[in-house]
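Down below is the structure, laid out as structure tokens.
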Amino acid sequence: MNGSKTRPSLFGDEVYVACADVLGFKALINDRPLIEIVQAYDSFLGSEKASGHLDWALGTSDLPGWPRDQGTRHGAPIGHAVFSDTVFMWTWDLRPNSLRALLTTCTS
């Protein structure tokens with residue numbers, strides 16, 4: 001990755017990628033009232049005002065509910081996207097420090 005890029009392109013740059021599924025999501029949807037589903041999702045993802053458990057795992061906040069920061073608590077920033085009950089996470093390069101940060105995120 002050359003020094004002028006800040007994000008990986010879809011063609012050419014190599015990064016580490018992880019995909020995680022939220023276990024028990026179907027049971028949550030089937031067995032709980034809608035308000036409990038919304039509260040659980042908000043607790044996981046956070047909101048505009050407060051971080052969630054995902055922010056803590058990504059290293060972008062010291063604790064759930066705390067303000068977000070630059071996301072380098074694990075040593076390197078980790079990108080992420082959430083689709084339904086699946087979380088995609090990636091590094092921005094192939095440095096060993098980035099891989100360690102991704103592995104730490106996945107085991108948090």
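By convention in this document, the chains of the structure tokens carry letters A, B, ... by their order, each chain's residues are numbered from 1, and ligands are numbered from 1 in the order they are shown.
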Do a neighbour search on Ile29 of chain A at 12 Å with only C-alpha atoms, toss out local chain neighbours closer than 5 positions, and write the hits as an NGL selection string.
:A and (23-24 or 34-38 or 40-41 or 84-85)
Could you pull the residues within 8 Å of Leu63 of chain A, counting only C-alpha atoms, minus those fewer than 2 positions along the same chain, as a list of chain:residue names?
A:Ser51, A:His53, A:Trp56, A:Ser61, A:Gly65, A:Trp66
Excluding Cys19 of chain A and its own-chain neighbours fewer than 2 positions away, which residues fall within 8 Å of it when counting only C-alpha atoms? Please give them as JSON, numbers by chain.
{"A": [17, 21, 86, 87, 88, 89]}
Expected file contents, prior selection, N, CA and C atoms, as a short mmCIF file (atom, residue, chain, number, x, y, z; two decimals), in the first residue's frame:
data_model
loop_
_atom_site.label_atom_id
_atom_site.label_comp_id
_atom_site.auth_asym_id
_atom_site.auth_seq_id
_atom_site.Cartn_x
_atom_site.Cartn_y
_atom_site.Cartn_z
N VAL A 17 -8.98 -10.06 6.75
CA VAL A 17 -10.43 -9.92 6.89
C VAL A 17 -10.94 -11.00 7.82
N ASP A 21 -20.39 -14.19 13.02
CA ASP A 21 -21.83 -14.30 13.08
C ASP A 21 -22.26 -14.18 14.54
N THR A 86 -24.29 -10.32 11.10
CA THR A 86 -22.93 -10.63 10.69
C THR A 86 -22.06 -9.38 10.76
N VAL A 87 -20.88 -9.55 11.31
CA VAL A 87 -19.92 -8.44 11.42
C VAL A 87 -18.70 -8.78 10.57
N PHE A 88 -18.35 -7.89 9.66
CA PHE A 88 -17.13 -8.01 8.86
C PHE A 88 -16.11 -7.05 9.44
N MET A 89 -14.89 -7.51 9.63
CA MET A 89 -13.83 -6.68 10.17
C MET A 89 -12.60 -6.82 9.29
#
Distance atom CA of Asp93 of chain A-atom CA of Asp62 of chain A, one decimal place?
23.7 Å
